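What follows is a set of notes on a single structure, which appears directly below.
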Amino acid sequence: MYPFEYTRVSDTKEALAAGSRGGRYLAGGTTLVDLMRETVERPDTLVDISGLPLQEVTATERGGLRIGALVTMSAAASHPRVRALFPVVSQSLELSASAQLRNMATIGGNIMQRTRCTYFRDVTASCNKRKPGSGCAAREGYNRSHAILGTSGACVATHPSDVAVAFAALEAHVHVLGAQGQRQIPFADFLLRPGSTPDREQALRNGELITAVEIPALPRPLVSGYLKVRDRQSYEFALTSAAVALHIRSGVIREAKVAAGGVGTVPWKLPAVEEHLVGERPSASLWAAAAERAADGARPLQHNRFKTGLLKRTVERQLRIVGGAK
């Protein structure tokens with residue numbers, strides 16, 4: 001690990017000042033500290049924000065939820081309002097990491113975490129995300145766990161967060177605070193596809209601080225859930241996953257929110273699946289037909305071709321679980 005300075009801040013003004021000077025924000029540290037140990041990340045200054053007042057879950061006026069950036073994963077997962085209003089969020093958090101990590105890691109840090117691509121974490125390997133212009137070893141290497149959606153010639157790494165998939169499905173917004181004031185970023189625009197600049201991963205400006213993630217009010221009744229397919233049941237990242245939320249009234253699907261994880265360079269919204277569902281009555285044949293559209297635009301590599309079919313089956317299974325198979 002390389003030498004660095006450490007400072008602990010007590011208010012957002014102090015945090016922003018340190019961040020604008022190039023300091024890296026540190027909360028639970030479950031990702032950043034690991035990357036520093038592996039010398040993938042070499043920040044000169046760490047700004048400890050764990051004492052900031054960003055640790056509340058509050059209801060919005062219209063029936064949505066605002067989750068503070070420093071709420072831990074375990075606290076968010078077990079919060080009564082989260083469980084009652086958006087089970088898909090609770091389930092995605094409970095299927096993430098280990099209990100010890102969930103007790104430390106925060107919501108803001110979770111959506112900011114960097115890829116688990118082994119080539120990214122191996123400083124001897126070529127990686128455009130770590131060192132722009134060096135190449136992408138994963139494209140010709142062992143790429144079983146890599147993305148099939150949103151890839152580019154520069155990068156095929158997946159985004160590892162589970163709860164980010166739920167946020168993408170629910171069309172959440174990220175609240176940020178910077179030198180120019182507050183702003184909201186639609187979750188669909190917050191995490192960036194790699195394109196030719198895979199080293200730029202979020203739509204944050206210099207020194208901006210995440211303060212909360214807000215889930216909008218959605219029509220009720222709403223049924224939702226998260227399904228994760230992985231190689232083992234304990235502490236493993238997704239091969240594929242599906243976050244589904246359905247508003248069904250009078251036996252007809254009035255609104256559908258669907259996103260996939262483990263297959264995209266960012267959490268992958270599935271508008272073609274959603275469009276096929278809206279206005280239809282739940283049925284086994286509907287779920288199967290909608291799921292066929294889940295892998296539209298997929299570009300699998302040598303070792304991850306299986307993900308195309310697995311994604312379709314995962315989406316279909318979760319639609320059946322959430323919406324019923326009548």
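Each chain in the structure tokens gets a letter, A, B and so on, in the order shown; residues start at 1 in every chain, and ligands are counted from 1 in the order they appear.
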Would you give me, as JSON lines, each residue of region 171-264 of chain A having an atom within 12 Å of an atom of region 286-290 of chain A, along with its shortest atom pair and that distance in Å to one decimal, using only C-alpha atoms and sorting by chain and residue number?
{"residue": "A:Val244", "atom": "CA", "partner": "A:Trp287", "partner_atom": "CA", "distance": 11.7}
{"residue": "A:Val252", "atom": "CA", "partner": "A:Leu286", "partner_atom": "CA", "distance": 11.8}
{"residue": "A:Ile253", "atom": "CA", "partner": "A:Leu286", "partner_atom": "CA", "distance": 10.9}
{"residue": "A:Ala256", "atom": "CA", "partner": "A:Ala290", "partner_atom": "CA", "distance": 11.2}
{"residue": "A:Val258", "atom": "CA", "partner": "A:Ala290", "partner_atom": "CA", "distance": 10.6}
Could you take the residues named above and write them with all heavy atoms, as an mmCIF file, in the first residue's frame?
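Result file follows (again.cif):
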data_model
loop_
_atom_site.group_PDB
_atom_site.id
_atom_site.type_symbol
_atom_site.label_atom_id
_atom_site.label_comp_id
_atom_site.auth_asym_id
_atom_site.auth_seq_id
_atom_site.Cartn_x
_atom_site.Cartn_y
_atom_site.Cartn_z
ATOM 1 N N VAL A 244 -37.494 -7.092 -10.588
ATOM 2 C CA VAL A 244 -38.800 -6.941 -11.229
ATOM 3 C C VAL A 244 -39.764 -6.246 -10.277
ATOM 4 O O VAL A 244 -39.823 -6.584 -9.092
ATOM 5 C CB VAL A 244 -39.377 -8.314 -11.635
ATOM 6 C CG1 VAL A 244 -40.816 -8.183 -12.119
ATOM 7 C CG2 VAL A 244 -38.512 -8.965 -12.705
ATOM 8 N N VAL A 252 -54.693 -6.843 -14.874
ATOM 9 C CA VAL A 252 -53.905 -6.387 -16.016
ATOM 10 C C VAL A 252 -52.641 -5.687 -15.518
ATOM 11 O O VAL A 252 -52.688 -4.933 -14.545
ATOM 12 C CB VAL A 252 -54.714 -5.426 -16.917
ATOM 13 C CG1 VAL A 252 -53.851 -4.859 -18.041
ATOM 14 C CG2 VAL A 252 -55.934 -6.144 -17.483
ATOM 15 N N ILE A 253 -51.526 -5.933 -16.171
ATOM 16 C CA ILE A 253 -50.271 -5.273 -15.821
ATOM 17 C C ILE A 253 -50.319 -3.838 -16.340
ATOM 18 O O ILE A 253 -50.338 -3.608 -17.547
ATOM 19 C CB ILE A 253 -49.057 -6.016 -16.420
ATOM 20 C CG1 ILE A 253 -49.021 -7.459 -15.908
ATOM 21 C CG2 ILE A 253 -47.752 -5.285 -16.073
ATOM 22 C CD1 ILE A 253 -48.021 -8.342 -16.623
ATOM 23 N N ALA A 256 -44.624 -1.917 -15.591
ATOM 24 C CA ALA A 256 -43.603 -2.937 -15.345
ATOM 25 C C ALA A 256 -42.231 -2.283 -15.300
ATOM 26 O O ALA A 256 -41.910 -1.439 -16.136
ATOM 27 C CB ALA A 256 -43.634 -3.994 -16.445
ATOM 28 N N VAL A 258 -38.235 -3.555 -15.014
ATOM 29 C CA VAL A 258 -37.387 -4.746 -15.064
ATOM 30 C C VAL A 258 -35.954 -4.337 -15.398
ATOM 31 O O VAL A 258 -35.727 -3.531 -16.307
ATOM 32 C CB VAL A 258 -37.890 -5.757 -16.121
ATOM 33 C CG1 VAL A 258 -37.073 -7.045 -16.047
ATOM 34 C CG2 VAL A 258 -39.380 -6.053 -15.934
#
Env of Gly323 (chain A): 8 Å cut, atoms = only C-alpha atoms, seq-sep filter 3 positions within chain, self excluded. Answer as a short mmCIF file (atom, residue, chain, number, x, y, z; two decimals) with all heavy atoms, in the first residue's frame.
data_model
loop_
_atom_site.label_atom_id
_atom_site.label_comp_id
_atom_site.auth_asym_id
_atom_site.auth_seq_id
_atom_site.Cartn_x
_atom_site.Cartn_y
_atom_site.Cartn_z
N VAL A 223 -45.93 -5.21 -6.65
CA VAL A 223 -45.24 -6.42 -6.20
C VAL A 223 -43.84 -6.39 -6.82
O VAL A 223 -43.68 -6.02 -7.99
CB VAL A 223 -45.99 -7.70 -6.60
CG1 VAL A 223 -47.21 -7.90 -5.75
CG2 VAL A 223 -46.36 -7.70 -8.08
N LEU A 246 -43.94 -4.96 -10.54
CA LEU A 246 -45.13 -4.95 -11.38
C LEU A 246 -46.30 -4.30 -10.65
O LEU A 246 -46.57 -4.61 -9.48
CB LEU A 246 -45.53 -6.39 -11.77
CG LEU A 246 -44.50 -7.22 -12.53
CD1 LEU A 246 -45.03 -8.64 -12.72
CD2 LEU A 246 -44.16 -6.60 -13.88
N PRO A 282 -51.31 -11.39 -16.69
CA PRO A 282 -50.26 -12.33 -16.31
C PRO A 282 -50.56 -13.75 -16.75
O PRO A 282 -51.68 -14.24 -16.58
CB PRO A 282 -50.24 -12.23 -14.77
CG PRO A 282 -50.80 -10.88 -14.48
CD PRO A 282 -51.84 -10.64 -15.53
N LEU A 319 -40.19 -13.17 -13.25
CA LEU A 319 -41.53 -12.71 -13.62
C LEU A 319 -42.59 -13.65 -13.08
O LEU A 319 -43.64 -13.22 -12.57
CB LEU A 319 -41.64 -12.58 -15.13
CG LEU A 319 -40.90 -11.41 -15.78
CD1 LEU A 319 -40.92 -11.55 -17.31
CD2 LEU A 319 -41.51 -10.07 -15.37
N ARG A 320 -42.33 -14.94 -13.16
CA ARG A 320 -43.28 -15.94 -12.63
C ARG A 320 -43.41 -15.81 -11.11
O ARG A 320 -44.51 -15.90 -10.56
CB ARG A 320 -42.81 -17.36 -12.97
CG ARG A 320 -42.96 -17.74 -14.44
CD ARG A 320 -42.27 -19.07 -14.69
NE ARG A 320 -42.41 -19.49 -16.07
CZ ARG A 320 -43.34 -20.34 -16.51
NH1 ARG A 320 -44.22 -20.83 -15.67
NH2 ARG A 320 -43.40 -20.68 -17.79
#
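For Ala259 (chain A), the list of residues within 9 Å, based on only C-alpha atoms and with local chain neighbours fewer than 4 positions off taken out, reads A:Val165, A:Ala166, A:Phe167, A:Ala168, A:Ala169, A:Leu170, A:Ser241, A:Ala242, A:Ala243, A:Val244, A:Pro267, A:Trp268, A:Lys269, A:Leu270, A:Pro271, A:Ala294, A:Val315.
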Dump all heavy atoms for the selected residues as a CSV table (one decimal), in the first residue's frame?
chain,number,residue,atom,x,y,z
A,165,VAL,N,-29.0,-2.7,-9.4
A,165,VAL,CA,-29.9,-3.3,-10.3
A,165,VAL,C,-31.4,-3.0,-9.9
A,165,VAL,O,-32.2,-2.6,-10.7
A,165,VAL,CB,-29.7,-4.8,-10.5
A,165,VAL,CG1,-30.7,-5.4,-11.5
A,165,VAL,CG2,-28.3,-5.2,-10.8
A,166,ALA,N,-31.6,-3.1,-8.6
A,166,ALA,CA,-33.0,-2.7,-8.1
A,166,ALA,C,-33.2,-1.2,-8.3
A,166,ALA,O,-34.3,-0.8,-8.8
A,166,ALA,CB,-33.1,-3.1,-6.6
A,167,PHE,N,-32.2,-0.4,-8.1
A,167,PHE,CA,-32.4,1.1,-8.3
A,167,PHE,C,-32.6,1.4,-9.7
A,167,PHE,O,-33.4,2.3,-10.1
A,167,PHE,CB,-31.1,1.8,-7.8
A,167,PHE,CG,-31.0,1.8,-6.3
A,167,PHE,CD1,-29.7,2.0,-5.7
A,167,PHE,CD2,-32.1,1.8,-5.4
A,167,PHE,CE1,-29.6,2.0,-4.3
A,167,PHE,CE2,-32.0,1.8,-4.0
A,167,PHE,CZ,-30.7,1.9,-3.5
A,168,ALA,N,-31.9,0.7,-10.6
A,168,ALA,CA,-32.1,0.9,-12.0
A,168,ALA,C,-33.5,0.5,-12.5
A,168,ALA,O,-34.2,1.3,-13.2
A,168,ALA,CB,-31.1,0.1,-12.9
A,169,ALA,N,-34.0,-0.6,-12.0
A,169,ALA,CA,-35.4,-1.0,-12.3
A,169,ALA,C,-36.4,0.0,-11.8
A,169,ALA,O,-37.3,0.3,-12.6
A,169,ALA,CB,-35.6,-2.4,-11.7
A,170,LEU,N,-36.2,0.5,-10.6
A,170,LEU,CA,-37.2,1.4,-10.0
A,170,LEU,C,-37.0,2.8,-10.5
A,170,LEU,O,-37.8,3.7,-10.0
A,170,LEU,CB,-37.1,1.3,-8.5
A,170,LEU,CG,-37.4,-0.1,-7.9
A,170,LEU,CD1,-37.0,-0.1,-6.4
A,170,LEU,CD2,-38.9,-0.4,-8.0
A,241,SER,N,-28.8,-11.7,-12.8
A,241,SER,CA,-29.8,-11.4,-11.8
A,241,SER,C,-31.0,-10.6,-12.5
A,241,SER,O,-30.8,-10.1,-13.6
A,241,SER,CB,-29.2,-10.6,-10.7
A,241,SER,OG,-28.8,-9.3,-11.1
A,242,ALA,N,-32.1,-10.6,-11.8
A,242,ALA,CA,-33.3,-9.8,-12.3
A,242,ALA,C,-34.0,-9.2,-11.2
A,242,ALA,O,-34.3,-9.8,-10.2
A,242,ALA,CB,-34.2,-10.8,-13.1
A,243,ALA,N,-34.2,-7.8,-11.4
A,243,ALA,CA,-35.1,-7.1,-10.5
A,243,ALA,C,-36.4,-6.7,-11.2
A,243,ALA,O,-36.3,-6.2,-12.3
A,243,ALA,CB,-34.4,-5.8,-10.1
A,244,VAL,N,-37.5,-7.1,-10.6
A,244,VAL,CA,-38.8,-6.9,-11.2
A,244,VAL,C,-39.8,-6.2,-10.3
A,244,VAL,O,-39.8,-6.6,-9.1
A,244,VAL,CB,-39.4,-8.3,-11.6
A,244,VAL,CG1,-40.8,-8.2,-12.1
A,244,VAL,CG2,-38.5,-9.0,-12.7
A,267,PRO,N,-25.8,-1.7,-14.5
A,267,PRO,CA,-27.1,-2.4,-14.3
A,267,PRO,C,-28.0,-2.1,-15.5
A,267,PRO,O,-28.1,-1.0,-16.0
A,267,PRO,CB,-27.7,-1.7,-13.1
A,267,PRO,CG,-26.5,-1.2,-12.3
A,267,PRO,CD,-25.5,-0.8,-13.4
A,268,TRP,N,-28.6,-3.2,-16.1
A,268,TRP,CA,-29.2,-3.1,-17.4
A,268,TRP,C,-30.7,-3.1,-17.4
A,268,TRP,O,-31.4,-4.1,-17.1
A,268,TRP,CB,-28.7,-4.3,-18.3
A,268,TRP,CG,-28.7,-4.0,-19.7
A,268,TRP,CD1,-29.7,-4.4,-20.6
A,268,TRP,CD2,-27.8,-3.2,-20.5
A,268,TRP,NE1,-29.4,-3.9,-21.9
A,268,TRP,CE2,-28.3,-3.1,-21.8
A,268,TRP,CE3,-26.7,-2.5,-20.1
A,268,TRP,CZ2,-27.6,-2.4,-22.8
A,268,TRP,CZ3,-26.0,-1.7,-21.1
A,268,TRP,CH2,-26.5,-1.7,-22.4
A,269,LYS,N,-31.3,-1.9,-17.7
A,269,LYS,CA,-32.7,-1.8,-17.8
A,269,LYS,C,-33.2,-2.5,-19.0
A,269,LYS,O,-32.5,-2.5,-20.1
A,269,LYS,CB,-33.1,-0.3,-17.9
A,269,LYS,CG,-34.5,0.0,-17.6
A,269,LYS,CD,-34.8,0.0,-16.1
A,269,LYS,CE,-36.0,0.9,-15.8
A,269,LYS,NZ,-37.3,0.3,-16.3
A,270,LEU,N,-34.4,-3.2,-19.0
A,270,LEU,CA,-34.9,-4.0,-20.0
A,270,LEU,C,-36.2,-3.4,-20.6
A,270,LEU,O,-37.3,-4.0,-20.3
A,270,LEU,CB,-35.1,-5.4,-19.6
A,270,LEU,CG,-33.8,-6.1,-19.1
A,270,LEU,CD1,-34.1,-7.5,-18.5
A,270,LEU,CD2,-32.8,-6.3,-20.2
A,271,PRO,N,-36.2,-2.3,-21.3
A,271,PRO,CA,-37.4,-1.7,-21.8
A,271,PRO,C,-38.2,-2.6,-22.7
A,271,PRO,O,-39.4,-2.5,-22.8
A,271,PRO,CB,-36.9,-0.4,-22.5
A,271,PRO,CG,-35.5,-0.7,-22.8
A,271,PRO,CD,-35.0,-1.5,-21.7
A,294,ALA,N,-35.1,-10.2,-23.3
A,294,ALA,CA,-34.1,-9.7,-22.3
A,294,ALA,C,-32.7,-9.6,-22.8
A,294,ALA,O,-32.0,-8.7,-22.3
A,294,ALA,CB,-34.2,-10.7,-21.1
A,315,VAL,N,-34.9,-14.0,-16.0
A,315,VAL,CA,-35.9,-13.0,-16.1
A,315,VAL,C,-37.3,-13.7,-16.1
A,315,VAL,O,-38.2,-13.3,-15.4
A,315,VAL,CB,-35.8,-12.1,-17.4
A,315,VAL,CG1,-37.0,-11.2,-17.6
A,315,VAL,CG2,-34.5,-11.2,-17.2
- Item | Residues flagged alpha helix (DSSP H) by DSSP in region 151-323 of chain A, as a PyMOL selection string | chain A and resi 163-170+187-190+271-277+284-291+306-323
- What lies within 12 Å of region 194-197 of chain A using only C-alpha atoms, ignoring chain neighbours under 3 positions off, as a ChimeraX atom specification? /A:115,127-136,147,149-159,191,200-202,264-266
Could you give me, as JSON lines, every region 30-85 of chain A residue with an atom at most 10 Å from region 14-22 of chain A, plus its closest atom pair and distance in Å to one decimal, counting only C-alpha atoms, rows ordered by chain then number?
{"residue": "A:Pro43", "atom": "CA", "partner": "A:Gly22", "partner_atom": "CA", "distance": 8.5}
{"residue": "A:Asp44", "atom": "CA", "partner": "A:Gly22", "partner_atom": "CA", "distance": 8.0}
{"residue": "A:Thr45", "atom": "CA", "partner": "A:Gly22", "partner_atom": "CA", "distance": 7.3}
{"residue": "A:Leu46", "atom": "CA", "partner": "A:Ala18", "partner_atom": "CA", "distance": 9.0}
{"residue": "A:Val47", "atom": "CA", "partner": "A:Ala18", "partner_atom": "CA", "distance": 6.9}
{"residue": "A:Asp48", "atom": "CA", "partner": "A:Ala15", "partner_atom": "CA", "distance": 8.3}
{"residue": "A:Ile49", "atom": "CA", "partner": "A:Ala15", "partner_atom": "CA", "distance": 7.0}
{"residue": "A:Leu52", "atom": "CA", "partner": "A:Ala15", "partner_atom": "CA", "distance": 8.9}
Keeping only N, CA and C atoms, write those residues as a PDB file, in the first residue's frame.
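And here is the file that came out, part_1.pdb:
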ATOM      1  N   PRO A  43      -4.813   6.692  -3.901  1.00  0.00           N
ATOM      2  CA  PRO A  43      -5.193   8.071  -3.549  1.00  0.00           C
ATOM      3  C   PRO A  43      -4.162   8.725  -2.643  1.00  0.00           C
ATOM      4  N   ASP A  44      -3.965  10.002  -2.831  1.00  0.00           N
ATOM      5  CA  ASP A  44      -3.044  10.745  -1.974  1.00  0.00           C
ATOM      6  C   ASP A  44      -3.690  11.082  -0.631  1.00  0.00           C
ATOM      7  N   THR A  45      -5.027  11.287  -0.669  1.00  0.00           N
ATOM      8  CA  THR A  45      -5.739  11.685   0.552  1.00  0.00           C
ATOM      9  C   THR A  45      -7.065  10.953   0.662  1.00  0.00           C
ATOM     10  N   LEU A  46      -7.344  10.429   1.851  1.00  0.00           N
ATOM     11  CA  LEU A  46      -8.643   9.838   2.148  1.00  0.00           C
ATOM     12  C   LEU A  46      -9.421  10.793   3.043  1.00  0.00           C
ATOM     13  N   VAL A  47     -10.689  11.024   2.681  1.00  0.00           N
ATOM     14  CA  VAL A  47     -11.553  11.915   3.439  1.00  0.00           C
ATOM     15  C   VAL A  47     -12.647  11.061   4.078  1.00  0.00           C
ATOM     16  N   ASP A  48     -12.543  10.848   5.372  1.00  0.00           N
ATOM     17  CA  ASP A  48     -13.483   9.995   6.105  1.00  0.00           C
ATOM     18  C   ASP A  48     -14.787  10.759   6.331  1.00  0.00           C
ATOM     19  N   ILE A  49     -15.859  10.309   5.676  1.00  0.00           N
ATOM     20  CA  ILE A  49     -17.161  10.985   5.769  1.00  0.00           C
ATOM     21  C   ILE A  49     -18.146  10.209   6.636  1.00  0.00           C
ATOM     22  N   LEU A  52     -20.832  12.011   8.842  1.00  0.00           N
ATOM     23  CA  LEU A  52     -21.783  12.985   8.304  1.00  0.00           C
ATOM     24  C   LEU A  52     -23.226  12.522   8.554  1.00  0.00           C
TER      25      LEU A  52
END
- Item | Per-residue DSSP, region 134-249 of chain A, filtered to strand (DSSP E or B), as a PyMOL selection string | chain A and resi 136+149+152+155+173-178+181-186+191+202+209-215+223-229+240-249
Could you save those same residues with N, CA and C atoms as a CSV table (one decimal), in the first residue's frame?
chain,number,residue,atom,x,y,z
A,136,CYS,N,-7.5,-4.3,-23.2
A,136,CYS,CA,-8.4,-5.1,-22.4
A,136,CYS,C,-8.1,-6.5,-22.4
A,149,LEU,N,-23.7,-7.2,-22.5
A,149,LEU,CA,-24.5,-6.1,-22.8
A,149,LEU,C,-23.8,-4.8,-22.5
A,152,SER,N,-17.8,-2.6,-25.0
A,152,SER,CA,-17.1,-1.9,-26.1
A,152,SER,C,-15.8,-2.5,-26.4
A,155,CYS,N,-13.7,-2.2,-23.1
A,155,CYS,CA,-14.0,-2.8,-21.8
A,155,CYS,C,-15.2,-3.7,-21.9
A,173,HIS,N,-33.2,8.1,-8.4
A,173,HIS,CA,-32.3,9.2,-8.6
A,173,HIS,C,-31.3,9.3,-7.6
A,174,VAL,N,-30.1,9.7,-7.9
A,174,VAL,CA,-29.0,9.9,-7.0
A,174,VAL,C,-28.9,11.4,-6.7
A,175,HIS,N,-29.0,11.7,-5.4
A,175,HIS,CA,-28.8,13.1,-4.9
A,175,HIS,C,-27.3,13.4,-4.7
A,176,VAL,N,-26.8,14.4,-5.2
A,176,VAL,CA,-25.4,14.7,-5.0
A,176,VAL,C,-25.2,16.2,-4.6
A,177,LEU,N,-24.2,16.5,-3.9
A,177,LEU,CA,-23.9,17.9,-3.4
A,177,LEU,C,-22.5,18.2,-3.9
A,178,GLY,N,-22.3,19.4,-4.5
A,178,GLY,CA,-21.0,19.8,-4.9
A,178,GLY,C,-20.8,21.3,-4.7
A,181,GLY,N,-23.7,23.4,-5.7
A,181,GLY,CA,-25.0,23.1,-5.1
A,181,GLY,C,-25.5,21.7,-5.3
A,182,GLN,N,-26.8,21.5,-5.0
A,182,GLN,CA,-27.3,20.2,-5.1
A,182,GLN,C,-27.9,19.9,-6.5
A,183,ARG,N,-27.9,18.6,-6.9
A,183,ARG,CA,-28.5,18.2,-8.1
A,183,ARG,C,-28.9,16.7,-8.0
A,184,GLN,N,-29.8,16.3,-8.9
A,184,GLN,CA,-30.3,14.9,-8.9
A,184,GLN,C,-29.9,14.3,-10.3
A,185,ILE,N,-29.4,13.1,-10.2
A,185,ILE,CA,-29.0,12.4,-11.4
A,185,ILE,C,-29.8,11.1,-11.6
A,186,PRO,N,-30.6,11.0,-12.7
A,186,PRO,CA,-31.3,9.8,-12.9
A,186,PRO,C,-30.4,8.6,-12.8
A,191,LEU,N,-24.4,5.8,-13.7
A,191,LEU,CA,-23.3,4.8,-14.0
A,191,LEU,C,-23.1,4.8,-15.5
A,202,GLN,N,-18.7,7.1,-13.3
A,202,GLN,CA,-19.9,7.7,-12.8
A,202,GLN,C,-20.0,9.2,-13.4
A,209,LEU,N,-20.3,14.9,-3.8
A,209,LEU,CA,-20.6,14.0,-2.7
A,209,LEU,C,-22.0,13.4,-2.9
A,210,ILE,N,-22.1,12.1,-2.9
A,210,ILE,CA,-23.5,11.5,-2.9
A,210,ILE,C,-24.1,11.7,-1.5
A,211,THR,N,-25.3,12.2,-1.5
A,211,THR,CA,-26.0,12.4,-0.2
A,211,THR,C,-27.1,11.4,0.0
A,212,ALA,N,-27.8,10.9,-1.1
A,212,ALA,CA,-28.9,10.0,-0.9
A,212,ALA,C,-29.2,9.3,-2.3
A,213,VAL,N,-30.0,8.3,-2.2
A,213,VAL,CA,-30.6,7.7,-3.4
A,213,VAL,C,-32.1,7.7,-3.1
A,214,GLU,N,-32.9,8.3,-4.0
A,214,GLU,CA,-34.3,8.4,-3.9
A,214,GLU,C,-35.1,7.5,-4.9
A,215,ILE,N,-35.9,6.7,-4.3
A,215,ILE,CA,-36.8,5.9,-5.1
A,215,ILE,C,-38.1,6.6,-5.3
A,223,VAL,N,-45.9,-5.2,-6.7
A,223,VAL,CA,-45.2,-6.4,-6.2
A,223,VAL,C,-43.8,-6.4,-6.8
A,224,SER,N,-42.8,-6.8,-6.0
A,224,SER,CA,-41.5,-6.7,-6.5
A,224,SER,C,-40.6,-7.7,-5.9
A,225,GLY,N,-39.5,-8.0,-6.5
A,225,GLY,CA,-38.5,-9.0,-6.0
A,225,GLY,C,-37.3,-9.0,-6.8
A,226,TYR,N,-36.2,-9.7,-6.2
A,226,TYR,CA,-34.9,-9.8,-6.8
A,226,TYR,C,-34.5,-11.2,-6.8
A,227,LEU,N,-34.0,-11.7,-8.0
A,227,LEU,CA,-33.5,-13.0,-8.1
A,227,LEU,C,-32.0,-13.0,-8.6
A,228,LYS,N,-31.2,-13.7,-7.9
A,228,LYS,CA,-29.7,-13.7,-8.2
A,228,LYS,C,-29.3,-15.1,-8.5
A,229,VAL,N,-28.6,-15.3,-9.7
A,229,VAL,CA,-28.1,-16.6,-10.0
A,229,VAL,C,-26.5,-16.5,-9.9
A,240,THR,N,-26.0,-13.9,-13.4
A,240,THR,CA,-27.2,-13.0,-13.9
A,240,THR,C,-28.0,-12.7,-12.7
A,241,SER,N,-28.8,-11.7,-12.8
A,241,SER,CA,-29.8,-11.4,-11.8
A,241,SER,C,-31.0,-10.6,-12.5
A,242,ALA,N,-32.1,-10.6,-11.8
A,242,ALA,CA,-33.3,-9.8,-12.3
A,242,ALA,C,-34.0,-9.2,-11.2
A,243,ALA,N,-34.2,-7.8,-11.4
A,243,ALA,CA,-35.1,-7.1,-10.5
A,243,ALA,C,-36.4,-6.7,-11.2
A,244,VAL,N,-37.5,-7.1,-10.6
A,244,VAL,CA,-38.8,-6.9,-11.2
A,244,VAL,C,-39.8,-6.2,-10.3
A,245,ALA,N,-40.5,-5.3,-10.8
A,245,ALA,CA,-41.6,-4.6,-10.0
A,245,ALA,C,-42.8,-4.5,-11.0
A,246,LEU,N,-43.9,-5.0,-10.5
A,246,LEU,CA,-45.1,-5.0,-11.4
A,246,LEU,C,-46.3,-4.3,-10.6
A,247,HIS,N,-47.0,-3.4,-11.4
A,247,HIS,CA,-48.2,-2.8,-10.9
A,247,HIS,C,-49.4,-3.5,-11.6
A,248,ILE,N,-50.1,-4.4,-10.9
A,248,ILE,CA,-51.2,-5.2,-11.5
A,248,ILE,C,-52.5,-4.7,-10.9
A,249,ARG,N,-53.4,-4.3,-11.8
A,249,ARG,CA,-54.7,-3.8,-11.3
A,249,ARG,C,-55.8,-4.4,-12.2
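Between Asn110 (chain A) and the candidates A:Thr30, A:Gln233, A:Ser283, A:Asn143, the tightest atom-to-atom separation, counting only C-alpha atoms, involves A:Thr30.
Coordinates place CA of Ser98 (chain A) at a distance of 5.5 Å from CA of Tyr235 (chain A).
Residues in contact with Val71 (chain A) at 9 Å, where only C-alpha atoms are counted and same-chain residues fewer than 3 positions away are skipped, are listed as Leu54, Gln55, Glu56, Val57, Ile67, Gly68, Ser74, Ala75, Ala76, Ala105, Thr106, Ile107, Gly108 and Ala212 of chain A.
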How would the residues just picked look written out with N, CA and C atoms as a compact mmCIF listing (two decimals), in the first residue's frame?
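Done, and the output landed in selection32.txt:
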# COMPACT_ATOMS: atom_id res chain seq x y z
N LEU A 54 -25.90 11.55 7.15
CA LEU A 54 -26.53 11.03 5.93
C LEU A 54 -26.95 9.59 6.15
N GLN A 55 -27.53 9.33 7.32
CA GLN A 55 -27.79 7.95 7.73
C GLN A 55 -29.25 7.68 8.04
N GLU A 56 -30.15 8.34 7.32
CA GLU A 56 -31.58 8.16 7.57
C GLU A 56 -32.30 7.62 6.33
N VAL A 57 -33.35 6.87 6.59
CA VAL A 57 -34.29 6.45 5.55
C VAL A 57 -35.58 7.20 5.81
N ILE A 67 -33.06 7.21 0.74
CA ILE A 67 -32.11 6.45 1.55
C ILE A 67 -30.80 7.21 1.60
N GLY A 68 -30.39 7.62 2.79
CA GLY A 68 -29.15 8.37 2.95
C GLY A 68 -27.95 7.59 2.47
N SER A 74 -27.01 -3.33 5.58
CA SER A 74 -27.85 -4.13 6.47
C SER A 74 -28.99 -3.30 7.05
N ALA A 75 -28.72 -2.03 7.38
CA ALA A 75 -29.77 -1.16 7.92
C ALA A 75 -30.83 -0.88 6.88
N ALA A 76 -30.43 -0.65 5.64
CA ALA A 76 -31.40 -0.40 4.58
C ALA A 76 -32.24 -1.65 4.32
N ALA A 105 -20.57 -1.73 4.84
CA ALA A 105 -20.70 -1.04 3.56
C ALA A 105 -21.94 -0.15 3.53
N THR A 106 -21.85 0.96 2.81
CA THR A 106 -22.94 1.92 2.74
C THR A 106 -23.60 1.90 1.37
N ILE A 107 -24.80 2.48 1.31
CA ILE A 107 -25.53 2.55 0.05
C ILE A 107 -24.75 3.37 -0.98
N GLY A 108 -24.23 4.53 -0.56
CA GLY A 108 -23.46 5.35 -1.49
C GLY A 108 -22.22 4.65 -1.99
N ALA A 212 -27.77 10.90 -1.07
CA ALA A 212 -28.90 9.98 -0.92
C ALA A 212 -29.24 9.34 -2.26
- Query: So how many Å separate CA of Ala77 (chain A) and CA of Gln318 (chain A), to one decimal?
  - Reply: 19.5 Å
